[in-house]
file start_33.cif (mmCIF, N, CA and C atoms)
data_upload
loop_
_atom_site.label_atom_id
_atom_site.label_comp_id
_atom_site.auth_asym_id
_atom_site.auth_seq_id
_atom_site.Cartn_x
_atom_site.Cartn_y
_atom_site.Cartn_z
N MET A 1097 0.84 -1.18 0.00
CA MET A 1097 0.00 0.00 0.00
C MET A 1097 0.89 1.24 0.00
N ARG A 1098 0.60 2.17 -0.86
CA ARG A 1098 1.40 3.39 -0.97
C ARG A 1098 0.75 4.50 -0.17
N MET A 1099 1.60 5.27 0.52
CA MET A 1099 1.12 6.41 1.29
C MET A 1099 1.83 7.67 0.81
N SER A 1100 1.15 8.77 0.94
CA SER A 1100 1.79 10.04 0.60
C SER A 1100 2.79 10.39 1.70
N ILE A 1101 3.64 11.36 1.43
CA ILE A 1101 4.64 11.77 2.41
C ILE A 1101 3.97 12.28 3.68
N SER A 1102 2.90 13.04 3.56
CA SER A 1102 2.23 13.58 4.74
C SER A 1102 1.59 12.47 5.56
N GLU A 1103 1.06 11.44 4.92
CA GLU A 1103 0.48 10.31 5.66
C GLU A 1103 1.56 9.53 6.39
N ARG A 1104 2.72 9.34 5.76
CA ARG A 1104 3.81 8.61 6.42
C ARG A 1104 4.30 9.36 7.65
N GLY A 1105 4.44 10.68 7.53
CA GLY A 1105 4.95 11.48 8.64
C GLY A 1105 4.06 11.47 9.85
N THR A 1106 2.76 11.48 9.64
CA THR A 1106 1.85 11.53 10.78
C THR A 1106 1.60 10.16 11.38
N SER A 1107 1.68 9.12 10.59
CA SER A 1107 1.36 7.79 11.12
C SER A 1107 2.49 7.20 11.97
N ARG A 1108 3.73 7.66 11.77
CA ARG A 1108 4.85 7.08 12.50
C ARG A 1108 5.27 7.88 13.73
N ARG A 1109 4.71 9.04 13.92
CA ARG A 1109 5.09 9.85 15.06
C ARG A 1109 4.51 9.27 16.34
N PRO A 1110 5.36 9.06 17.34
CA PRO A 1110 4.82 8.57 18.62
C PRO A 1110 4.05 9.67 19.33
N GLN A 1111 3.07 9.28 20.08
CA GLN A 1111 2.29 10.24 20.85
C GLN A 1111 3.13 10.75 22.01
N ARG A 1112 3.21 12.06 22.16
CA ARG A 1112 3.95 12.64 23.28
C ARG A 1112 3.10 12.59 24.53
N ALA A 1113 3.74 12.21 25.62
CA ALA A 1113 3.04 12.23 26.90
C ALA A 1113 2.87 13.68 27.32
N GLU A 1114 1.80 13.94 28.04
CA GLU A 1114 1.58 15.31 28.51
C GLU A 1114 2.70 15.70 29.47
N ARG A 1115 3.26 16.88 29.26
CA ARG A 1115 4.35 17.34 30.11
C ARG A 1115 3.83 17.66 31.50
N PRO A 1116 4.58 17.26 32.52
CA PRO A 1116 4.13 17.58 33.88
C PRO A 1116 4.22 19.09 34.14
N LYS A 1117 3.30 19.59 34.91
CA LYS A 1117 3.31 20.99 35.28
C LYS A 1117 4.32 21.19 36.40
N PRO A 1118 4.99 22.34 36.44
CA PRO A 1118 5.96 22.58 37.51
C PRO A 1118 5.26 22.65 38.86
N ILE A 1119 5.96 22.19 39.91
CA ILE A 1119 5.38 22.27 41.24
C ILE A 1119 5.73 23.58 41.92
N PHE A 1120 6.80 24.23 41.45
CA PHE A 1120 7.18 25.55 41.95
C PHE A 1120 7.61 26.43 40.78
N ILE A 1121 7.48 27.73 40.96
CA ILE A 1121 7.95 28.72 40.01
C ILE A 1121 9.10 29.48 40.67
N ALA A 1122 10.21 29.64 39.95
CA ALA A 1122 11.37 30.37 40.48
C ALA A 1122 11.20 31.86 40.19
N ARG A 1123 11.31 32.68 41.25
CA ARG A 1123 11.17 34.13 41.11
C ARG A 1123 12.37 34.80 41.76
N ALA A 1124 12.84 35.90 41.15
CA ALA A 1124 13.98 36.65 41.66
C ALA A 1124 13.60 38.11 41.81
N LYS A 1125 14.13 38.74 42.87
CA LYS A 1125 13.88 40.17 43.07
C LYS A 1125 14.92 40.94 42.27
N VAL A 1126 14.43 41.80 41.39
CA VAL A 1126 15.29 42.63 40.56
C VAL A 1126 14.77 44.06 40.69
N GLY A 1127 15.60 44.93 41.23
CA GLY A 1127 15.16 46.31 41.45
C GLY A 1127 14.03 46.32 42.46
N ASN A 1128 12.91 46.92 42.09
CA ASN A 1128 11.75 47.01 42.99
C ASN A 1128 10.69 45.95 42.69
N GLY A 1129 10.97 45.05 41.76
CA GLY A 1129 9.95 44.07 41.38
C GLY A 1129 10.46 42.65 41.40
N TRP A 1130 9.57 41.73 41.09
CA TRP A 1130 9.89 40.30 41.03
C TRP A 1130 9.76 39.81 39.61
N VAL A 1131 10.68 38.95 39.20
CA VAL A 1131 10.72 38.43 37.83
C VAL A 1131 10.70 36.90 37.88
N THR A 1132 9.88 36.29 37.04
CA THR A 1132 9.89 34.83 36.92
C THR A 1132 11.12 34.43 36.13
N ILE A 1133 11.95 33.55 36.71
CA ILE A 1133 13.19 33.17 36.04
C ILE A 1133 13.24 31.69 35.69
N GLY A 1134 12.27 30.89 36.16
CA GLY A 1134 12.31 29.46 35.84
C GLY A 1134 11.23 28.69 36.57
N ALA A 1135 11.45 27.37 36.66
CA ALA A 1135 10.46 26.48 37.26
C ALA A 1135 11.15 25.27 37.90
N CYS A 1136 10.39 24.51 38.68
CA CYS A 1136 10.92 23.38 39.44
C CYS A 1136 9.94 22.21 39.38
N TRP A 1137 10.48 21.01 39.17
CA TRP A 1137 9.68 19.78 39.12
C TRP A 1137 10.30 18.74 40.05
N ASN A 1138 9.50 17.74 40.45
CA ASN A 1138 10.05 16.58 41.15
C ASN A 1138 10.93 15.81 40.17
N LEU A 1139 11.91 15.09 40.68
CA LEU A 1139 12.77 14.28 39.82
C LEU A 1139 11.96 13.21 39.11
N ARG A 1140 12.25 12.97 37.84
CA ARG A 1140 11.53 11.94 37.07
C ARG A 1140 11.74 10.55 37.64
N SER A 1141 12.91 10.32 38.21
CA SER A 1141 13.25 9.00 38.73
C SER A 1141 12.42 8.62 39.95
N GLY A 1142 11.75 9.61 40.54
CA GLY A 1142 10.96 9.34 41.73
C GLY A 1142 11.78 9.49 43.01
N GLU A 1143 13.08 9.70 42.86
CA GLU A 1143 13.92 9.90 44.04
C GLU A 1143 13.58 11.24 44.68
N GLU A 1144 14.03 11.41 45.92
CA GLU A 1144 13.79 12.66 46.61
C GLU A 1144 14.66 13.74 45.99
N GLY A 1145 14.09 14.87 45.67
CA GLY A 1145 14.83 15.97 45.09
C GLY A 1145 14.05 16.67 44.00
N PHE A 1146 14.68 17.69 43.42
CA PHE A 1146 14.01 18.51 42.43
C PHE A 1146 14.90 18.73 41.22
N SER A 1147 14.27 19.03 40.12
CA SER A 1147 14.95 19.47 38.91
C SER A 1147 14.54 20.92 38.70
N ILE A 1148 15.53 21.82 38.66
CA ILE A 1148 15.24 23.24 38.51
C ILE A 1148 15.77 23.71 37.16
N LYS A 1149 14.93 24.40 36.41
CA LYS A 1149 15.35 24.97 35.13
C LYS A 1149 15.21 26.47 35.21
N LEU A 1150 16.34 27.17 35.04
CA LEU A 1150 16.32 28.62 34.99
C LEU A 1150 16.35 29.04 33.53
N ASN A 1151 15.35 29.81 33.12
CA ASN A 1151 15.22 30.24 31.73
C ASN A 1151 15.93 31.55 31.45
N THR A 1152 16.18 32.32 32.49
CA THR A 1152 16.78 33.63 32.31
C THR A 1152 17.58 34.00 33.55
N LEU A 1153 18.59 34.83 33.36
CA LEU A 1153 19.37 35.36 34.47
C LEU A 1153 19.34 36.87 34.33
N PRO A 1154 18.57 37.56 35.18
CA PRO A 1154 18.40 39.00 35.04
C PRO A 1154 19.70 39.77 35.30
N LEU A 1155 19.84 40.91 34.64
CA LEU A 1155 20.96 41.81 34.91
C LEU A 1155 20.80 42.40 36.30
N GLY A 1156 21.89 42.55 37.00
CA GLY A 1156 21.84 43.13 38.34
C GLY A 1156 21.28 42.19 39.38
N TRP A 1157 21.24 40.92 39.08
CA TRP A 1157 20.67 39.91 39.99
C TRP A 1157 21.75 39.42 40.92
N ASP A 1158 21.43 39.27 42.22
CA ASP A 1158 22.42 38.84 43.20
C ASP A 1158 22.52 37.32 43.34
N GLY A 1159 21.77 36.56 42.55
CA GLY A 1159 21.85 35.10 42.58
C GLY A 1159 20.84 34.41 43.47
N ARG A 1160 20.12 35.17 44.28
CA ARG A 1160 19.11 34.56 45.16
C ARG A 1160 17.76 34.52 44.46
N PHE A 1161 17.00 33.46 44.75
CA PHE A 1161 15.65 33.36 44.21
C PHE A 1161 14.79 32.55 45.17
N VAL A 1162 13.47 32.64 44.98
CA VAL A 1162 12.52 31.89 45.80
C VAL A 1162 11.75 30.94 44.90
N LEU A 1163 11.30 29.84 45.48
CA LEU A 1163 10.44 28.89 44.78
C LEU A 1163 9.05 28.98 45.39
N LEU A 1164 8.07 29.32 44.57
CA LEU A 1164 6.70 29.51 45.03
C LEU A 1164 5.76 28.60 44.25
N PRO A 1165 4.74 28.07 44.90
CA PRO A 1165 3.78 27.25 44.16
C PRO A 1165 3.03 28.10 43.14
N PRO A 1166 2.77 27.55 41.95
CA PRO A 1166 1.99 28.30 40.96
C PRO A 1166 0.55 28.44 41.43
N LEU A 1167 -0.07 29.55 41.10
CA LEU A 1167 -1.48 29.75 41.43
C LEU A 1167 -2.33 29.04 40.39
N GLU A 1168 -3.59 28.88 40.68
CA GLU A 1168 -4.50 28.18 39.77
C GLU A 1168 -4.58 28.84 38.40
N ASN A 1169 -4.52 30.17 38.35
CA ASN A 1169 -4.66 30.87 37.08
C ASN A 1169 -3.33 31.01 36.34
N GLY A 1170 -2.25 30.38 36.88
CA GLY A 1170 -0.96 30.41 36.21
C GLY A 1170 -0.05 31.53 36.68
N GLU A 1171 -0.58 32.45 37.48
CA GLU A 1171 0.25 33.53 37.99
C GLU A 1171 0.86 33.09 39.32
N VAL A 1172 1.83 33.86 39.77
CA VAL A 1172 2.54 33.54 41.00
C VAL A 1172 2.25 34.62 42.03
N GLN A 1173 2.07 34.19 43.29
CA GLN A 1173 1.81 35.16 44.35
C GLN A 1173 3.04 36.04 44.57
N ASP A 1174 2.84 37.18 45.16
CA ASP A 1174 3.92 38.13 45.40
C ASP A 1174 4.78 37.63 46.55
N PRO A 1175 6.07 37.35 46.32
CA PRO A 1175 6.94 36.81 47.36
C PRO A 1175 7.21 37.77 48.50
N ARG A 1176 6.90 39.06 48.36
CA ARG A 1176 7.15 40.01 49.44
C ARG A 1176 6.41 39.65 50.71
N ALA A 1177 5.35 38.89 50.60
CA ALA A 1177 4.58 38.48 51.78
C ALA A 1177 5.42 37.59 52.70
N GLU A 1178 6.47 36.96 52.15
CA GLU A 1178 7.30 36.05 52.94
C GLU A 1178 8.47 36.75 53.62
N GLU A 1179 8.77 37.98 53.23
CA GLU A 1179 9.94 38.68 53.79
C GLU A 1179 9.62 39.29 55.12
#
call {"tool": "encode", "arguments": {"input": "start_33.cif", "output": "structure tokens"}}
result
Amino acid sequence: MRMSISERGTSRRPQRAERPKPIFIARAKVGNGWVTIGACWNLRSGEEGFSIKLNTLPLGWDGRFVLLPPLENGEVQDPRAEE
């Protein structure tokens, strides 16, 4: 049976599993505000620990950041409440 190129490409692609949502969002204080710099997940292996991915490193950043749970609407609460 002959298939077109588009049929071959779609029939052989494996289904991607849904990506897990981060359990924490990494936020850094820069100037007078807070910036989202990355996210944190549980280790895939199931071992105790976290995998942290930083997407950006702000200018003038001192290297400190906080991990906060994501809110239901996808936004992050203001970390100043913890200081």
call {"tool": "closest_residue", "arguments": {"input": "start_33.cif", "among": "A:Ile1119, A:Ala1113, A:Ile1133, A:Leu1167", "to": "A:Pro1154", "atoms": "all atoms listed in the file"}}
result
A:Ile1133
call {"tool": "resolve_selection", "arguments": {"input": "start_33.cif", "expression": "the PyMOL selection byres ((chain A and resi 1120-1131) around 6.5)", "output": "ChimeraX atom specification"}}
result
/A:1117-1119,1132-1137,1156-1157,1160-1166
call {"tool": "atom_distance", "arguments": {"input": "start_33.cif", "atom1": "atom C of A:Phe1146", "atom2": "atom N of A:Arg1115"}}
result
16.8 Å
